[in-house]
>>> print(open('coords19.pdb').read())   # PDB, C-alpha atoms
MODEL        1
ATOM      1  CA  MET I 104      39.567  35.578  26.988
ATOM      2  CA  ILE I 105      41.376  38.894  26.933
ATOM      3  CA  LYS I 106      41.063  41.043  30.011
ATOM      4  CA  ILE I 107      41.102  44.781  29.360
ATOM      5  CA  SER I 108      41.232  47.560  31.969
ATOM      6  CA  ALA I 109      39.956  51.013  31.057
ATOM      7  CA  VAL I 110      41.825  53.262  33.465
ATOM      8  CA  CYS I 111      40.882  56.741  34.676
ATOM      9  CA  GLY I 112      41.087  58.851  37.826
ATOM     10  CA  MET I 113      37.998  57.685  39.659
ATOM     11  CA  GLY I 114      36.283  55.124  37.484
ATOM     12  CA  LEU I 115      33.300  57.397  36.894
ATOM     13  CA  GLY I 116      33.832  59.375  33.720
ATOM     14  CA  SER I 117      36.580  58.870  31.207
ATOM     15  CA  GLY I 118      37.153  55.217  32.117
ATOM     16  CA  LEU I 119      33.507  54.513  31.330
ATOM     17  CA  LEU I 120      33.820  56.313  28.009
ATOM     18  CA  VAL I 121      36.854  54.205  27.140
ATOM     19  CA  LYS I 122      35.020  51.016  28.143
ATOM     20  CA  MET I 123      32.046  51.854  25.927
ATOM     21  CA  GLY I 124      34.300  52.653  23.000
ATOM     22  CA  ILE I 125      36.266  49.409  23.371
ATOM     23  CA  GLU I 126      33.096  47.313  23.562
ATOM     24  CA  ARG I 127      31.613  48.929  20.474
ATOM     25  CA  VAL I 128      34.825  48.543  18.482
ATOM     26  CA  LEU I 129      35.404  44.898  19.405
ATOM     27  CA  GLU I 130      31.766  43.899  18.931
ATOM     28  CA  ARG I 131      31.723  45.553  15.534
ATOM     29  CA  ASN I 132      34.733  43.457  14.621
ATOM     30  CA  GLY I 133      32.901  40.278  15.531
ATOM     31  CA  TYR I 134      34.243  39.674  19.043
ATOM     32  CA  GLY I 135      31.914  38.865  21.905
ATOM     33  CA  ARG I 136      31.727  38.044  25.593
ATOM     34  CA  LYS I 137      33.739  34.866  25.206
ATOM     35  CA  ASP I 138      36.633  36.797  23.691
ATOM     36  CA  PHE I 139      37.035  39.768  26.002
ATOM     37  CA  ARG I 140      35.996  41.488  29.194
ATOM     38  CA  VAL I 141      36.427  45.213  29.891
ATOM     39  CA  GLU I 142      36.589  46.570  33.417
ATOM     40  CA  VAL I 143      36.793  50.174  34.518
ATOM     41  CA  ALA I 144      39.587  50.776  37.015
ATOM     42  CA  ASP I 145      40.696  53.879  38.859
ATOM     43  CA  ILE I 146      44.379  54.693  38.749
ATOM     44  CA  SER I 147      44.984  53.850  42.405
ATOM     45  CA  THR I 148      43.868  50.243  41.975
ATOM     46  CA  ALA I 149      44.582  49.723  38.265
ATOM     47  CA  ARG I 150      47.762  47.711  38.776
ATOM     48  CA  SER I 151      46.013  45.104  40.890
ATOM     49  CA  THR I 152      43.502  44.341  38.125
ATOM     50  CA  SER I 153      46.309  42.604  36.148
ATOM     51  CA  PRO I 154      44.733  42.712  32.701
ATOM     52  CA  ASP I 155      46.263  41.778  29.348
ATOM     53  CA  ILE I 156      45.760  45.306  28.065
ATOM     54  CA  PHE I 157      45.412  48.689  29.752
ATOM     55  CA  VAL I 158      43.658  51.383  27.752
ATOM     56  CA  THR I 159      44.009  54.908  29.079
ATOM     57  CA  THR I 160      45.033  58.488  28.377
ATOM     58  CA  SER I 161      48.659  59.622  28.173
ATOM     59  CA  GLU I 162      48.427  61.156  31.674
ATOM     60  CA  PHE I 163      47.781  57.799  33.317
ATOM     61  CA  ALA I 164      49.953  55.807  30.940
ATOM     62  CA  LYS I 165      52.948  57.488  32.603
ATOM     63  CA  SER I 166      52.157  55.840  35.913
ATOM     64  CA  LEU I 167      51.580  52.449  34.278
ATOM     65  CA  ARG I 168      55.059  52.283  32.820
ATOM     66  CA  GLU I 169      56.401  49.178  34.495
ATOM     67  CA  VAL I 170      53.395  46.911  34.223
ATOM     68  CA  ASP I 171      53.404  43.450  32.716
ATOM     69  CA  ALA I 172      50.733  44.245  30.144
ATOM     70  CA  GLU I 173      50.231  46.173  26.960
ATOM     71  CA  VAL I 174      49.453  49.841  27.612
ATOM     72  CA  ILE I 175      47.461  51.597  24.916
ATOM     73  CA  THR I 176      46.831  55.335  25.027
ATOM     74  CA  VAL I 177      44.008  57.218  23.369
ATOM     75  CA  ARG I 178      43.707  60.939  22.838
ATOM     76  CA  ASN I 179      40.069  61.394  21.853
ATOM     77  CA  LEU I 180      37.922  59.097  23.985
ATOM     78  CA  PHE I 181      34.885  59.648  21.768
ATOM     79  CA  ASP I 182      36.668  58.659  18.580
ATOM     80  CA  GLU I 183      36.020  54.974  17.931
ATOM     81  CA  SER I 184      38.263  54.887  14.878
ATOM     82  CA  GLU I 185      41.179  56.018  17.034
ATOM     83  CA  ILE I 186      40.418  53.331  19.623
ATOM     84  CA  GLU I 187      40.087  50.765  16.833
ATOM     85  CA  GLU I 188      43.395  51.725  15.285
ATOM     86  CA  ALA I 189      45.266  51.617  18.584
ATOM     87  CA  LEU I 190      43.631  48.534  20.064
ATOM     88  CA  LEU I 191      42.528  46.025  17.430
ATOM     89  CA  GLY I 192      45.963  44.881  16.225
ATOM     90  CA  VAL I 193      47.268  44.379  19.760
ATOM     91  CA  PHE I 194      44.047  42.657  20.822
ATOM     92  CA  GLU I 195      44.109  40.182  17.921
ATOM     93  CA  GLN I 196      47.768  39.436  18.467
ATOM     94  CA  ILE I 197      47.230  38.539  22.127
ATOM     95  CA  LEU I 198      44.102  36.537  21.298
ATOM     96  CA  GLU I 199      46.069  34.571  18.728
ATOM     97  CA  SER I 200      48.977  33.905  21.101
ATOM     98  CA  LYS I 201      46.569  32.588  23.750
ATOM     99  CA  LYS I 202      45.086  30.091  21.323
ATOM    100  CA  ARG I 203      48.454  28.506  20.683
TER     101      ARG I 203
ATOM    102  CA  MET X 277      19.264  56.863  33.144
ATOM    103  CA  ASP X 278      18.456  58.506  29.824
ATOM    104  CA  VAL X 279      20.347  61.627  28.779
ATOM    105  CA  LYS X 280      17.014  63.503  28.801
ATOM    106  CA  ASN X 281      16.868  63.034  32.557
ATOM    107  CA  LEU X 282      20.463  64.145  33.063
ATOM    108  CA  ILE X 283      20.599  67.312  30.953
ATOM    109  CA  ARG X 284      17.977  69.997  31.528
ATOM    110  CA  LYS X 285      17.572  73.346  29.817
ATOM    111  CA  ASN X 286      18.880  75.310  32.787
ATOM    112  CA  LEU X 287      22.015  73.125  32.764
ATOM    113  CA  VAL X 288      23.052  74.401  29.337
ATOM    114  CA  ASP X 289      24.732  77.716  28.596
ATOM    115  CA  LEU X 290      26.428  79.368  25.617
ATOM    116  CA  ASP X 291      29.300  81.791  25.072
ATOM    117  CA  VAL X 292      30.297  82.145  28.695
ATOM    118  CA  SER X 293      33.458  84.180  29.324
ATOM    119  CA  VAL X 294      35.995  82.703  31.731
ATOM    120  CA  GLU X 295      39.551  83.619  32.701
ATOM    121  CA  ASP X 296      41.108  80.191  32.860
ATOM    122  CA  TRP X 297      40.370  76.461  33.319
ATOM    123  CA  GLN X 298      39.324  76.876  36.935
ATOM    124  CA  GLY X 299      36.882  79.557  35.884
ATOM    125  CA  ALA X 300      35.512  77.211  33.230
ATOM    126  CA  ILE X 301      34.888  74.469  35.799
ATOM    127  CA  ARG X 302      33.365  76.981  38.238
ATOM    128  CA  ALA X 303      31.003  78.301  35.563
ATOM    129  CA  ALA X 304      29.790  74.792  34.710
ATOM    130  CA  GLY X 305      29.574  73.993  38.420
ATOM    131  CA  LYS X 306      27.456  77.088  38.990
ATOM    132  CA  LEU X 307      24.824  75.712  36.603
ATOM    133  CA  LEU X 308      24.707  72.501  38.636
ATOM    134  CA  VAL X 309      24.522  74.364  41.967
ATOM    135  CA  GLU X 310      21.748  76.715  40.796
ATOM    136  CA  ASP X 311      19.786  73.751  39.475
ATOM    137  CA  GLY X 312      20.026  72.072  42.878
ATOM    138  CA  ALA X 313      21.814  69.083  41.332
ATOM    139  CA  VAL X 314      24.853  69.427  43.588
ATOM    140  CA  GLU X 315      25.979  71.146  46.772
ATOM    141  CA  GLU X 316      28.476  73.988  46.426
ATOM    142  CA  ARG X 317      31.357  71.872  47.680
ATOM    143  CA  PHE X 318      31.045  69.726  44.542
ATOM    144  CA  VAL X 319      32.483  72.592  42.482
ATOM    145  CA  ASP X 320      35.626  72.776  44.626
ATOM    146  CA  ALA X 321      35.884  69.008  44.464
ATOM    147  CA  MET X 322      35.898  69.088  40.631
ATOM    148  CA  ILE X 323      38.811  71.530  40.711
ATOM    149  CA  ARG X 324      40.615  69.451  43.330
ATOM    150  CA  VAL X 325      40.242  66.326  41.182
ATOM    151  CA  ALA X 326      41.587  68.113  38.107
ATOM    152  CA  LYS X 327      44.617  69.239  40.138
ATOM    153  CA  GLU X 328      45.115  65.838  41.708
ATOM    154  CA  PHE X 329      45.041  63.776  38.527
ATOM    155  CA  GLY X 330      46.148  66.388  36.014
ATOM    156  CA  PRO X 331      44.350  67.626  32.917
ATOM    157  CA  TYR X 332      43.204  64.147  31.857
ATOM    158  CA  ILE X 333      39.658  65.456  32.110
ATOM    159  CA  VAL X 334      40.146  66.954  28.657
ATOM    160  CA  VAL X 335      38.850  63.758  27.082
ATOM    161  CA  ALA X 336      38.797  64.848  23.435
ATOM    162  CA  PRO X 337      40.060  67.771  21.365
ATOM    163  CA  GLY X 338      38.512  70.883  22.923
ATOM    164  CA  ILE X 339      36.222  68.991  25.299
ATOM    165  CA  ALA X 340      36.649  68.779  29.083
ATOM    166  CA  LEU X 341      34.667  66.420  31.309
ATOM    167  CA  PRO X 342      35.206  67.643  34.858
ATOM    168  CA  HIS X 343      33.648  65.583  37.627
ATOM    169  CA  ALA X 344      34.054  64.587  41.245
ATOM    170  CA  ARG X 345      32.862  61.742  43.444
ATOM    171  CA  PRO X 346      29.200  61.114  44.331
ATOM    172  CA  GLU X 347      30.045  61.737  48.001
ATOM    173  CA  ASP X 348      31.369  65.207  47.136
ATOM    174  CA  GLY X 349      27.824  66.550  47.316
ATOM    175  CA  VAL X 350      25.813  65.201  44.389
ATOM    176  CA  ILE X 351      22.056  65.482  44.946
ATOM    177  CA  THR X 352      20.669  64.463  41.526
ATOM    178  CA  ALA X 353      22.542  62.709  38.692
ATOM    179  CA  SER X 354      23.060  65.494  36.149
ATOM    180  CA  ILE X 355      25.199  66.786  33.309
ATOM    181  CA  ALA X 356      25.866  70.499  32.688
ATOM    182  CA  ILE X 357      27.007  71.697  29.272
ATOM    183  CA  LEU X 358      28.816  74.959  28.808
ATOM    184  CA  ARG X 359      30.231  76.390  25.588
ATOM    185  CA  LEU X 360      32.909  78.985  26.230
ATOM    186  CA  LYS X 361      33.083  82.311  24.438
ATOM    187  CA  THR X 362      36.852  81.998  24.132
ATOM    188  CA  PRO X 363      38.597  78.631  24.529
ATOM    189  CA  VAL X 364      40.970  78.197  27.499
ATOM    190  CA  ASP X 365      43.939  75.891  28.107
ATOM    191  CA  PHE X 366      43.658  73.146  30.707
ATOM    192  CA  GLY X 367      47.285  72.078  30.365
ATOM    193  CA  ASN X 368      46.512  69.051  28.211
ATOM    194  CA  GLU X 369      49.071  68.934  25.400
ATOM    195  CA  ASP X 370      46.956  66.745  23.152
ATOM    196  CA  ASN X 371      43.558  68.357  23.442
ATOM    197  CA  ASP X 372      43.871  72.025  24.421
ATOM    198  CA  PRO X 373      42.310  74.556  24.073
ATOM    199  CA  VAL X 374      38.914  73.694  25.547
ATOM    200  CA  TYR X 375      35.729  75.241  24.136
ATOM    201  CA  LEU X 376      33.171  72.835  25.626
ATOM    202  CA  VAL X 377      32.830  71.887  29.291
ATOM    203  CA  VAL X 378      30.665  68.879  30.150
ATOM    204  CA  ALA X 379      30.404  68.665  33.938
ATOM    205  CA  LEU X 380      29.310  65.301  35.241
ATOM    206  CA  ALA X 381      27.566  64.813  38.580
ATOM    207  CA  ALA X 382      27.158  61.098  39.200
ATOM    208  CA  VAL X 383      25.303  59.552  42.135
ATOM    209  CA  ASP X 384      26.995  56.179  41.781
ATOM    210  CA  GLN X 385      28.986  54.194  39.229
ATOM    211  CA  LYS X 386      25.965  52.990  37.279
ATOM    212  CA  GLN X 387      23.056  55.405  36.974
ATOM    213  CA  HIS X 388      24.666  57.732  34.438
ATOM    214  CA  ILE X 389      26.071  55.018  32.148
ATOM    215  CA  GLU X 390      23.218  55.066  29.644
ATOM    216  CA  GLY X 391      23.292  58.861  29.486
ATOM    217  CA  LEU X 392      27.068  58.862  29.043
ATOM    218  CA  LYS X 393      26.678  56.372  26.210
ATOM    219  CA  GLN X 394      24.262  58.703  24.420
ATOM    220  CA  LEU X 395      26.531  61.648  25.130
ATOM    221  CA  SER X 396      29.513  59.840  23.614
ATOM    222  CA  LYS X 397      27.535  59.209  20.438
ATOM    223  CA  VAL X 398      26.971  62.939  20.081
ATOM    224  CA  LEU X 399      30.535  63.953  20.934
ATOM    225  CA  GLY X 400      31.993  61.266  18.667
ATOM    226  CA  ASN X 401      30.068  62.544  15.649
ATOM    227  CA  LYS X 402      31.825  65.154  13.511
ATOM    228  CA  GLU X 403      28.623  66.724  12.194
ATOM    229  CA  LYS X 404      27.209  67.088  15.688
ATOM    230  CA  ILE X 405      30.479  68.641  16.872
ATOM    231  CA  ALA X 406      30.199  71.179  14.054
ATOM    232  CA  ALA X 407      26.592  71.891  15.077
ATOM    233  CA  ILE X 408      27.665  72.365  18.711
ATOM    234  CA  LYS X 409      30.222  74.949  17.616
ATOM    235  CA  GLU X 410      27.663  76.767  15.496
ATOM    236  CA  ALA X 411      24.638  76.781  17.816
ATOM    237  CA  THR X 412      23.377  80.303  18.443
ATOM    238  CA  VAL X 413      20.848  79.736  21.240
ATOM    239  CA  LYS X 414      20.716  77.447  24.279
ATOM    240  CA  GLU X 415      17.741  75.486  22.966
ATOM    241  CA  GLU X 416      19.674  74.600  19.837
ATOM    242  CA  LEU X 417      22.619  73.338  21.869
ATOM    243  CA  LEU X 418      20.316  71.339  24.146
ATOM    244  CA  ASP X 419      18.513  69.735  21.194
ATOM    245  CA  ILE X 420      21.784  68.439  19.744
ATOM    246  CA  PHE X 421      22.372  66.477  22.942
ATOM    247  CA  LEU X 422      18.808  65.256  23.350
ATOM    248  CA  ASP X 423      18.408  64.164  19.740
ATOM    249  CA  VAL X 424      19.892  60.674  20.150
TER     250      VAL X 424
ENDMDL
END
>>> encode(input="coords19.pdb", output="structure tokens")
Amino acid sequence: MIKISAVCGMGLGSGLLVKMGIERVLERNGYGRKDFRVEVADISTARSTSPDIFVTTSEFAKSLREVDAEVITVRNLFDESEIEEALLGVFEQILESKKR
Amino acid sequence: MDVKNLIRKNLVDLDVSVEDWQGAIRAAGKLLVEDGAVEERFVDAMIRVAKEFGPYIVVAPGIALPHARPEDGVITASIAILRLKTPVDFGNEDNDPVYLVVALAAVDQKQHIEGLKQLSKVLGNKEKIAAIKEATVKEELLDIFLDV
């Protein structure tokens, strides 16, 4: 199980968009509930969610610099191919390393 | 809540002239206030949030999604859509300049999820983006968002 945090300012807008995009991308690639869980987190509490992967915009990535997790940034939150390109490789790598 | 319940005809406007990013947020906020979807203080709150967190609200090339908290005066869950006459910079290196402002008034963390999902399908589709840029009347712009 890979835990992913979609981080935004308040957990109402962009974080939700990121979460939807991640779920669509991973489901399309054959991953389901047993493989991953995506939570929306606001920037003030994001660190305490301790996920395997943070997905956010470059603005918030700056304040997630010293976290013990992968930090992935996306530019166009509506563009699933961008999310797929940035996330899928990292996701599969972590999934693989957890199986070992 | 379906996007049809979030976006109404009077919440859509075309070719609005604004001076800068604050003016763009105020113009979208005005639609929400006049509709009765939010109290006036919600508009100031959207600007405060953009200042507090930076221009991250520009969520895609040319598209800003300003919003504030439910407790900042939201009355009815709503989305206002405003296409600017001339694009303005929000200070987002990746995605400036902004030509489309999508102002989100949420009443909680859940009710608008379905609508946002439908909205993201529209704004993630290149043909629909082209249609949004080319729309000549409000009704046309509205239909693009409701046709999901």
>>> residues_around(input="coords19.pdb", residues="X:Met322", least_positions_apart="5", cutoff="12 Å", atoms="all atoms listed in the file", output="count of residues only")
39
>>> resolve_selection(input="coords19.pdb", expression="the PyMOL selection byres ((chain X and resi 417-422) around 12)", output="number ranges by chain")
X: 278-291, 355-359, 376, 378, 391-401, 403-416, 423-424
>>> residues_around(input="coords19.pdb", residues="I:Lys165", least_positions_apart="4", cutoff="10 Å", atoms="only C-alpha atoms", output="PyMOL selection string")
chain I and resi 159-161+169+174+176
>>> closest_residue(input="coords19.pdb", among="X:Val334, X:Leu360, X:Ala353, X:Val309", to="X:Ile389", atoms="all atoms listed in the file")
X:Ala353
>>> atom_distance(input="coords19.pdb", atom1="atom CA of I:Val158", atom2="atom CA of I:Cys111")
9.2 Å
>>> atom_distance(input="coords19.pdb", atom1="atom CA of I:Lys122", atom2="atom CA of I:Ile107")
8.8 Å
>>> closest_residue(input="coords19.pdb", among="I:Glu183, I:Glu130, I:Asp155, I:Asp138", to="chain X", atoms="all atoms listed in the file")
I:Glu183
>>> interface_residues(input="coords19.pdb", of="chain I", to="chain X", cutoff="12 Å", atoms="only C-alpha atoms", output="PyMOL selection string")
chain I and resi 110-124+126-127+143-147+159-166+176-186
